[in-house]
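**Q** Provided below: my_file-v4.cif, containing mmCIF, C-alpha atoms.
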```
data_coords
#
loop_
_atom_site.label_atom_id
_atom_site.label_comp_id
_atom_site.auth_asym_id
_atom_site.auth_seq_id
_atom_site.Cartn_x
_atom_site.Cartn_y
_atom_site.Cartn_z
CA ARG G 171 0.00 0.00 0.00
CA TYR G 172 1.10 3.52 -0.78
CA ARG G 173 3.23 5.25 1.83
CA PRO G 174 3.56 9.06 1.41
CA ARG G 175 7.06 10.51 1.07
CA LEU G 176 8.51 13.98 1.57
CA PRO G 177 10.25 15.86 -1.28
CA GLY G 178 13.62 14.50 -0.11
CA GLY G 179 12.42 10.90 -0.53
CA GLU G 180 12.12 10.03 3.17
CA LEU G 181 8.90 8.53 4.51
CA ALA G 182 6.41 11.17 5.61
CA PRO G 183 5.25 11.01 9.24
CA MET G 184 1.55 10.21 9.47
CA PRO G 185 -0.71 10.71 12.51
CA TRP G 186 -1.81 7.46 14.10
CA PRO G 187 -5.43 7.57 12.80
CA VAL G 188 -4.20 7.94 9.20
CA SER G 189 -1.68 5.11 9.72
CA LEU G 190 -4.50 2.89 11.02
CA TYR G 191 -6.66 3.90 8.07
CA ARG G 192 -3.86 2.78 5.73
CA VAL G 193 -3.45 -0.56 7.53
CA LEU G 194 -7.13 -1.45 8.06
CA ASN G 195 -8.79 -0.22 4.88
CA HIS G 196 -7.46 -1.93 1.75
CA VAL G 197 -10.58 -0.88 -0.17
CA ALA G 198 -10.01 2.89 -0.02
CA TRP G 199 -6.24 3.24 0.46
CA PRO G 200 -4.22 3.29 -2.80
CA LEU G 201 -1.34 1.08 -3.88
CA GLU G 202 2.19 2.26 -4.65
CA ALA G 203 2.48 3.74 -8.14
CA GLU G 204 5.04 1.10 -9.18
CA SER G 205 2.93 -1.88 -7.99
CA GLY G 206 3.14 -4.91 -10.29
CA ARG G 207 0.33 -6.15 -12.53
CA TRP G 208 -0.52 -9.08 -10.27
CA THR G 209 -0.62 -6.86 -7.20
CA VAL G 210 -3.08 -4.53 -8.93
CA PHE G 211 -5.17 -7.51 -10.08
CA LEU G 212 -5.26 -8.99 -6.57
CA ASP G 213 -6.22 -5.59 -5.12
CA LYS G 214 -9.10 -5.22 -7.60
CA LEU G 215 -10.24 -8.78 -6.90
CA MET G 216 -10.30 -8.08 -3.14
CA ILE G 217 -12.28 -4.88 -3.73
CA PHE G 218 -14.81 -6.80 -5.86
CA LEU G 219 -15.20 -9.50 -3.21
CA GLY G 220 -15.54 -6.78 -0.57
CA PHE G 221 -18.31 -5.16 -2.60
CA LEU G 222 -20.18 -8.49 -2.68
CA VAL G 223 -19.80 -8.80 1.12
CA PHE G 224 -21.30 -5.32 1.55
CA CYS G 225 -24.19 -6.28 -0.74
CA GLU G 226 -24.81 -9.41 1.35
CA HIS G 227 -24.85 -7.28 4.52
CA ASN G 228 -27.22 -4.82 2.88
CA GLU G 229 -29.63 -7.64 2.11
CA VAL G 230 -29.71 -9.22 5.59
CA ASP G 231 -29.83 -5.81 7.32
CA PHE G 232 -32.75 -4.75 5.14
CA HIS G 233 -34.38 -8.14 5.69
CA TYR G 234 -34.29 -7.40 9.44
CA LEU G 235 -36.11 -4.09 8.87
CA ILE G 236 -38.78 -5.78 6.75
CA ALA G 237 -39.23 -8.58 9.29
CA ASN G 238 -39.65 -6.01 12.11
CA ARG G 239 -41.66 -3.37 10.25
CA GLN G 240 -44.54 -3.76 12.71
CA ASP G 241 -42.26 -3.52 15.76
CA MET G 242 -41.20 0.13 16.00
CA ASP G 243 -38.57 -0.45 18.72
CA ASN G 244 -36.70 -3.11 16.74
CA LEU G 245 -37.17 -1.15 13.52
CA LEU G 246 -35.54 1.97 15.00
CA THR G 247 -32.76 -0.15 16.50
CA GLY G 248 -31.77 -1.59 13.14
CA MET G 249 -32.36 1.48 10.96
CA PRO G 250 -29.24 3.56 11.90
CA THR G 251 -26.92 0.60 11.29
CA TYR G 252 -28.48 -0.02 7.89
CA LEU G 253 -28.25 3.63 6.84
CA ILE G 254 -24.58 3.84 7.88
CA LEU G 255 -23.89 0.63 5.96
CA VAL G 256 -25.44 2.01 2.76
CA GLU G 257 -23.66 5.36 3.08
CA MET G 258 -20.28 3.76 3.77
CA GLN G 259 -20.65 1.35 0.85
CA ILE G 260 -21.26 4.26 -1.53
CA ARG G 261 -18.42 6.40 -0.15
CA CYS G 262 -15.85 3.64 0.31
CA PHE G 263 -16.22 2.02 -3.12
CA GLN G 264 -16.48 5.39 -4.84
CA LEU G 265 -13.10 6.17 -3.31
CA ALA G 266 -11.82 2.74 -4.39
CA TRP G 267 -12.79 3.66 -7.97
CA HIS G 268 -10.56 6.76 -7.74
CA LYS G 269 -7.59 5.28 -5.87
CA ASP G 270 -5.03 6.68 -8.31
CA ARG G 271 -6.42 10.21 -7.92
CA PHE G 272 -6.32 9.82 -4.14
CA ARG G 273 -2.65 8.79 -4.32
CA ALA G 274 -1.80 11.73 -6.63
CA LEU G 275 -3.58 14.03 -4.20
CA LEU G 276 -1.52 12.76 -1.25
CA GLN G 277 1.69 13.02 -3.28
CA ARG G 278 0.97 16.65 -4.12
CA PHE G 279 0.01 17.42 -0.54
CA TYR G 280 3.28 16.10 0.92
CA ALA G 281 5.31 17.70 -1.88
CA GLU G 282 3.78 21.19 -1.77
CA ILE G 283 1.61 21.77 1.29
CA TYR G 284 2.79 19.65 4.24
CA VAL G 285 4.40 21.71 7.03
CA SER G 286 7.07 19.66 8.81
CA GLU G 287 8.00 20.05 12.46
CA GLU G 288 11.64 20.71 11.56
CA MET G 289 10.76 23.49 9.11
CA GLU G 290 8.09 25.32 11.17
CA PRO G 291 7.92 24.01 14.77
CA HIS G 292 5.45 26.68 15.95
CA LEU G 293 3.06 26.21 13.02
CA PHE G 294 3.33 22.43 13.37
CA ALA G 295 2.47 22.65 17.08
CA SER G 296 -0.51 24.86 16.20
CA ILE G 297 -1.75 22.25 13.71
CA GLN G 298 -1.52 19.53 16.37
CA ARG G 299 -3.61 21.63 18.77
CA GLN G 300 -6.23 22.26 16.08
CA MET G 301 -6.42 18.53 15.31
CA LEU G 302 -6.77 17.48 18.95
CA ALA G 303 -10.59 17.27 18.84
CA THR G 304 -10.37 15.15 15.69
CA ARG G 305 -7.91 12.80 17.39
CA VAL G 306 -10.28 12.42 20.36
CA ASN G 307 -13.11 11.68 17.92
CA SER G 308 -10.94 8.99 16.33
CA THR G 309 -10.28 7.44 19.75
CA VAL G 310 -14.03 7.12 20.33
CA TYR G 311 -14.43 5.35 16.97
CA LEU G 312 -11.56 3.04 17.90
CA LEU G 313 -13.23 2.18 21.21
CA ALA G 314 -16.37 1.29 19.25
CA LEU G 315 -14.21 -1.00 17.11
CA PHE G 316 -12.83 -2.76 20.21
CA ASN G 317 -16.38 -3.10 21.50
CA PHE G 318 -17.08 -5.55 18.64
CA PHE G 319 -14.86 -8.11 20.34
CA LEU G 320 -17.25 -8.29 23.30
CA VAL G 321 -19.89 -10.01 21.16
CA PRO G 322 -18.00 -13.32 20.72
CA VAL G 323 -17.18 -13.29 24.44
CA THR G 324 -20.83 -12.86 25.45
CA ASN G 325 -21.80 -15.53 22.90
CA VAL G 326 -19.51 -18.02 24.63
CA ILE G 327 -20.57 -17.00 28.16
CA TYR G 328 -24.33 -17.13 27.50
CA HIS G 329 -24.22 -19.92 24.87
CA ARG G 330 -25.62 -17.70 22.15
CA ARG G 331 -24.86 -17.28 18.46
CA GLU G 332 -25.60 -13.62 17.79
CA MET G 333 -24.18 -11.49 15.00
CA LEU G 334 -22.58 -8.06 15.52
CA TYR G 335 -25.52 -6.29 13.85
CA LYS G 336 -29.28 -6.63 13.63
CA GLN G 337 -29.69 -9.08 10.75
CA VAL G 338 -32.15 -11.69 9.50
CA TYR G 339 -30.80 -14.41 7.20
CA PRO G 340 -32.91 -16.46 4.75
CA PHE G 341 -31.34 -19.61 6.24
CA ASP G 342 -30.29 -20.86 9.68
CA ASN G 343 -27.14 -18.81 10.26
CA THR G 344 -26.69 -20.27 13.77
CA GLN G 345 -25.27 -23.48 12.33
CA LEU G 346 -21.58 -23.40 13.13
CA HIS G 347 -20.35 -23.83 9.54
CA PHE G 348 -22.40 -20.74 8.60
CA PHE G 349 -22.04 -18.78 11.82
CA ILE G 350 -18.24 -18.52 12.05
CA PRO G 351 -17.58 -17.24 8.47
CA LEU G 352 -20.54 -14.84 8.69
CA LEU G 353 -19.27 -13.48 12.02
CA VAL G 354 -15.82 -12.98 10.46
CA LEU G 355 -17.46 -11.04 7.61
CA ASN G 356 -19.30 -8.95 10.23
CA PHE G 357 -15.95 -8.05 11.77
CA TRP G 358 -14.45 -7.20 8.37
CA VAL G 359 -17.31 -4.85 7.50
CA GLY G 360 -17.03 -3.24 10.94
CA PHE G 361 -13.31 -2.62 10.46
CA ILE G 362 -13.84 -1.11 6.99
CA ILE G 363 -16.67 1.18 8.12
CA THR G 364 -15.00 2.35 11.35
CA SER G 365 -11.63 2.97 9.69
CA MET G 366 -13.45 4.88 6.94
CA LEU G 367 -15.17 7.10 9.50
CA PHE G 368 -12.05 8.19 11.38
CA GLY G 369 -9.69 7.83 8.40
CA GLU G 370 -11.54 10.25 6.11
CA LEU G 371 -11.95 12.63 9.02
CA ASN G 372 -8.22 12.77 9.77
CA VAL G 373 -7.01 12.87 6.16
CA MET G 374 -9.36 15.76 5.49
CA GLY G 375 -8.35 17.55 8.69
CA GLU G 376 -4.63 17.21 7.89
CA LEU G 377 -5.15 18.61 4.39
CA MET G 378 -7.15 21.58 5.65
CA MET G 379 -4.95 22.53 8.61
CA HIS G 380 -1.65 22.27 6.75
CA LEU G 381 -3.15 24.34 3.93
CA ASN G 382 -4.29 26.87 6.53
CA ALA G 383 -0.74 26.94 7.94
CA ARG G 384 0.64 27.67 4.46
CA TYR G 385 -1.68 30.68 4.18
CA VAL G 386 -0.50 31.89 7.59
CA GLN G 387 3.11 31.39 6.45
CA LEU G 388 2.36 33.41 3.31
CA GLY G 389 1.36 36.46 5.36
CA GLN G 390 4.36 36.13 7.66
CA ASP G 391 6.80 35.96 4.69
CA LEU G 392 5.24 39.01 3.02
CA ARG G 393 5.47 41.15 6.17
CA ARG G 394 9.01 39.95 6.89
CA SER G 395 10.18 40.74 3.34
CA ALA G 396 8.64 44.22 3.42
CA GLN G 397 10.31 45.02 6.75
CA MET G 398 13.71 43.86 5.45
CA LEU G 399 13.41 46.07 2.36
CA LEU G 400 12.44 49.09 4.46
CA LYS G 401 15.39 48.57 6.81
CA ASN G 402 17.82 48.87 3.90
CA ARG G 403 16.86 52.57 3.50
CA SER G 404 17.47 52.43 -0.26
CA SER G 405 15.22 54.75 -2.30
CA LEU G 406 16.29 53.67 -5.80
CA ASN G 407 15.15 50.10 -6.34
CA VAL G 408 12.97 49.46 -3.30
CA ALA G 409 9.73 49.53 -5.34
CA ILE G 410 11.15 47.11 -7.91
CA ALA G 411 12.39 44.77 -5.19
CA TYR G 412 9.02 44.89 -3.44
CA GLN G 413 7.27 44.08 -6.74
CA LEU G 414 9.46 40.99 -7.15
CA VAL G 415 8.67 39.87 -3.60
CA LEU G 416 4.95 40.51 -4.05
CA THR G 417 4.89 38.67 -7.39
CA HIS G 418 6.56 35.65 -5.79
CA ILE G 419 4.05 35.71 -2.92
CA LEU G 420 1.15 35.96 -5.38
CA ARG G 421 2.41 32.94 -7.28
CA ARG G 422 2.56 30.96 -4.05
CA ASN G 423 -0.92 32.25 -3.24
CA ALA G 424 -2.21 31.07 -6.63
CA ALA G 425 -0.62 27.63 -6.13
CA LEU G 426 -2.38 27.27 -2.77
CA ARG G 427 -5.73 28.26 -4.25
CA ASP G 428 -5.19 25.78 -7.07
CA PHE G 429 -4.66 23.02 -4.49
CA VAL G 430 -8.04 23.35 -2.74
CA TRP G 431 -10.30 21.90 -5.45
CA PHE G 432 -10.57 18.53 -3.75
CA LEU G 433 -11.35 19.64 -0.20
CA ALA G 434 -15.12 19.16 -0.45
CA LYS G 435 -14.63 15.56 -1.62
CA PHE G 436 -14.60 14.28 1.93
CA MET G 437 -17.22 15.48 4.36
CA GLU G 438 -17.55 14.87 8.07
CA LEU G 439 -19.95 17.63 8.95
CA LEU G 440 -19.66 18.17 12.69
CA ALA G 441 -15.92 17.65 13.10
CA LEU G 442 -15.02 19.70 10.03
CA GLY G 443 -17.24 22.59 11.07
CA MET G 444 -14.58 24.10 13.33
CA LEU G 445 -11.74 23.32 10.89
CA GLY G 446 -13.72 24.87 8.04
CA SER G 447 -14.21 28.01 10.12
CA ILE G 448 -10.44 28.28 10.72
CA LEU G 449 -9.63 28.00 7.00
CA LEU G 450 -12.42 30.43 6.07
CA LYS G 451 -11.12 33.01 8.58
CA THR G 452 -7.51 32.71 7.34
CA THR G 453 -8.35 33.07 3.64
CA ASP G 454 -10.79 35.88 4.44
CA GLU G 455 -7.87 37.85 5.88
CA LEU G 456 -5.67 37.49 2.77
CA GLY G 457 -6.99 40.65 1.09
CA MET G 458 -6.27 42.62 4.28
CA MET G 459 -2.85 40.92 4.48
CA TYR G 460 -1.80 42.46 1.17
CA TYR G 461 -3.36 45.81 2.05
CA THR G 462 -1.41 46.05 5.33
CA ALA G 463 1.91 44.71 3.97
CA ASP G 464 3.73 48.10 4.25
CA TRP G 465 3.45 48.87 0.53
CA GLU G 466 2.70 52.52 1.32
CA GLN G 467 5.98 52.76 3.28
CA VAL G 468 7.83 51.31 0.29
CA ILE G 469 6.27 53.90 -2.04
CA HIS G 470 7.04 56.68 0.44
CA GLN G 471 10.69 55.59 0.51
CA SER G 472 10.96 55.04 -3.29
CA ASP G 473 11.88 57.84 -5.71
CA ASN G 474 10.92 55.89 -8.85
CA VAL G 475 7.46 57.20 -9.77
CA GLY G 476 6.90 54.75 -12.65
CA GLU G 477 7.70 51.71 -10.51
CA ASN G 478 5.55 53.11 -7.70
CA VAL G 479 2.55 53.16 -10.05
CA LYS G 480 3.26 49.56 -11.15
CA LEU G 481 3.55 48.51 -7.51
CA MET G 482 0.20 50.07 -6.60
CA LYS G 483 -1.46 48.28 -9.52
CA LEU G 484 0.07 44.98 -8.37
CA VAL G 485 -1.13 45.51 -4.81
CA THR G 486 -4.63 46.31 -6.13
CA LEU G 487 -4.57 43.11 -8.17
CA ALA G 488 -3.48 41.07 -5.13
CA ILE G 489 -6.33 42.49 -3.04
CA GLN G 490 -8.88 41.83 -5.79
CA LEU G 491 -7.70 38.24 -6.31
CA ASN G 492 -8.26 37.54 -2.62
CA SER G 493 -11.44 39.55 -2.15
CA ARG G 494 -13.45 36.31 -1.80
CA PRO G 495 -12.32 33.80 0.84
CA PHE G 496 -11.99 30.08 0.11
CA PHE G 497 -14.59 27.90 1.78
CA ILE G 498 -15.84 24.34 1.58
CA THR G 499 -19.41 23.82 0.47
CA GLY G 500 -21.80 21.04 1.38
CA LEU G 501 -23.44 19.94 -1.89
CA ASN G 502 -23.01 23.54 -3.14
CA TYR G 503 -25.79 24.44 -0.71
CA PHE G 504 -24.10 25.73 2.44
CA ARG G 505 -20.63 26.68 3.64
CA VAL G 506 -19.01 24.18 5.99
CA SER G 507 -18.35 26.23 9.09
CA LEU G 508 -19.17 25.92 12.76
CA THR G 509 -22.01 28.45 12.37
CA ALA G 510 -23.58 26.47 9.52
CA VAL G 511 -23.34 23.21 11.45
CA LEU G 512 -25.00 24.74 14.52
CA LYS G 513 -27.84 26.12 12.35
CA ILE G 514 -28.39 22.67 10.82
CA ILE G 515 -28.44 21.01 14.25
CA GLN G 516 -30.79 23.70 15.55
CA GLY G 517 -33.12 23.14 12.59
#
```
Give the structure from the file, written as structure tokens.
**A**
Amino acid sequence: RYRPRLPGGELAPMPWPVSLYRVLNHVAWPLEAESGRWTVFLDKLMIFLGFLVFCEHNEVDFHYLIANRQDMDNLLTGMPTYLILVEMQIRCFQLAWHKDRFRALLQRFYAEIYVSEEMEPHLFASIQRQMLATRVNSTVYLLALFNFFLVPVTNVIYHRREMLYKQVYPFDNTQLHFFIPLLVLNFWVGFIITSMLFGELNVMGELMMHLNARYVQLGQDLRRSAQMLLKNRSSLNVAIAYQLVLTHILRRNAALRDFVWFLAKFMELLALGMLGSILLKTTDELGMMYYTADWEQVIHQSDNVGENVKLMKLVTLAIQLNSRPFFITGLNYFRVSLTAVLKIIQG
């Protein structure tokens, strides 16, 4: 399975939920680009067999709902599990269909966006604090995964043969030669679904928060460059030098904006609400960042009128390009932010 690498070729550090996602979920996680033909064939075969297992679970879960349609308590007990199963089957196998794009996306992220601890220790520490709630959420999902192992124990203690989920089979699934393989398939589906829930959440959070850190870094570099130019006290080429700095910053800005097309592909509404608000706030401040980047001091210090005019036009362009903040949308209907999530919950 694919393991992300940094630009220097060394293995990229991954947070523990993403590492678990890679280990547990062979359906969604991509292969290495140089994987052999037989490896790719075996991977596709396993995905196809996994799809059939999900279809089998869909059938017996739905059969339980039909069998208990007159019993509202049992019906409501089985309904959430069935809905999660259907949703995860659609999301997981849709991602399996686009494995190569997912790998290319991770490659670009670690090559262009990822902020390492060695390069920016303060920004990296800030990212870890922002991701703390997501890590706690992942721990809860993991505890739910461990909870599955209690079912076989209680089956042995109370001499029962119950499945992990509310299911009705069209045959006697309590016969041992049926029960054991079906219980193993129950565990497999549980691992895939749970790893998908916390894996998507953490991959998405990492992408958003490192991208947010790059925007923060952009503002810091612009202010630092302007201050260095002003300290030189040169009035001849200061406007030209500032234009070069600003052009370089704008190109980095454009590259970051070009990177964000995929961010709405994964959606965990409640957990991403806060992260979406952070990214929205940072990008909303970009126009002000260019406006307050000491360009007026540079013009005041510069004696080159023609270059001053060019600089003012470039600053105006930078402000206009960032007049609208980047935000994630939910089905092109609402912006993913903490405010939007609270309104939906309230409704």
**Q** Mind checking which residues fall within 9 Å of Glu282 of chain G, counting only C-alpha atoms, ignoring those fewer than 5 positions away in the same chain, and posting them as an mmCIF file with C-alpha atoms, in the coordinates of the input?
**A**
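Written output follows (around.cif):
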```cif
data_model
loop_
_atom_site.group_PDB
_atom_site.id
_atom_site.type_symbol
_atom_site.label_atom_id
_atom_site.label_comp_id
_atom_site.auth_asym_id
_atom_site.auth_seq_id
_atom_site.Cartn_x
_atom_site.Cartn_y
_atom_site.Cartn_z
ATOM 1 C CA PRO G 177 10.250 15.860 -1.280
ATOM 2 C CA GLN G 277 1.690 13.020 -3.280
ATOM 3 C CA ALA G 425 -0.620 27.630 -6.130
ATOM 4 C CA LEU G 426 -2.380 27.270 -2.770
#
```
**Q** What lies within 6 Å of segment 188-204 of chain G using only C-alpha atoms, ignoring chain neighbours under 6 positions off, as a ChimeraX atom specification?
**A** /G:171-172,217,262,265-266,269,273,362,365,369
**Q** Could you list, as a tab-separated table (two decimals) with C-alpha atoms, keeping the file's coordinate frame, every residue within 10 Å of Leu484 of chain G, counting all atoms listed in the file and ignoring same-chain residues fewer than 3 positions away?
**A**
```tsv
chain	number	residue	atom	x	y	z
G	413	GLN	CA	7.27	44.08	-6.74
G	416	LEU	CA	4.95	40.51	-4.05
G	417	THR	CA	4.89	38.67	-7.39
G	420	LEU	CA	1.15	35.96	-5.38
G	478	ASN	CA	5.55	53.11	-7.70
G	479	VAL	CA	2.55	53.16	-10.05
G	480	LYS	CA	3.26	49.56	-11.15
G	481	LEU	CA	3.55	48.51	-7.51
G	487	LEU	CA	-4.57	43.11	-8.17
G	488	ALA	CA	-3.48	41.07	-5.13
G	489	ILE	CA	-6.33	42.49	-3.04
G	490	GLN	CA	-8.88	41.83	-5.79
```
**Q** Could you tell me how far atom CA of Thr247 of chain G sits from atom CA of Lys336 of chain G, in Å to one decimal place?
**A**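 Going from atom CA of Lys336 of chain G over to atom CA of Thr247 of chain G covers 7.9 Å.
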**Q** From the options G:Trp267, G:Trp465, G:Phe357, G:Phe429, which residue's atoms come nearest to Ser395 of chain G, counting all atoms listed in the file?
**A**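 Counting all atoms listed in the file, the residue closest to Ser395 of chain G is G:Trp465.
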**Q** Name the residues that the PyMOL selection byres ((chain G and resi 292-299) around 10) picks from the file above, as a ChimeraX atom specification, using the file's chain letters and numbers.
**A** /G:185,284-291,300-305,375-376,378-380,382-384,386-387
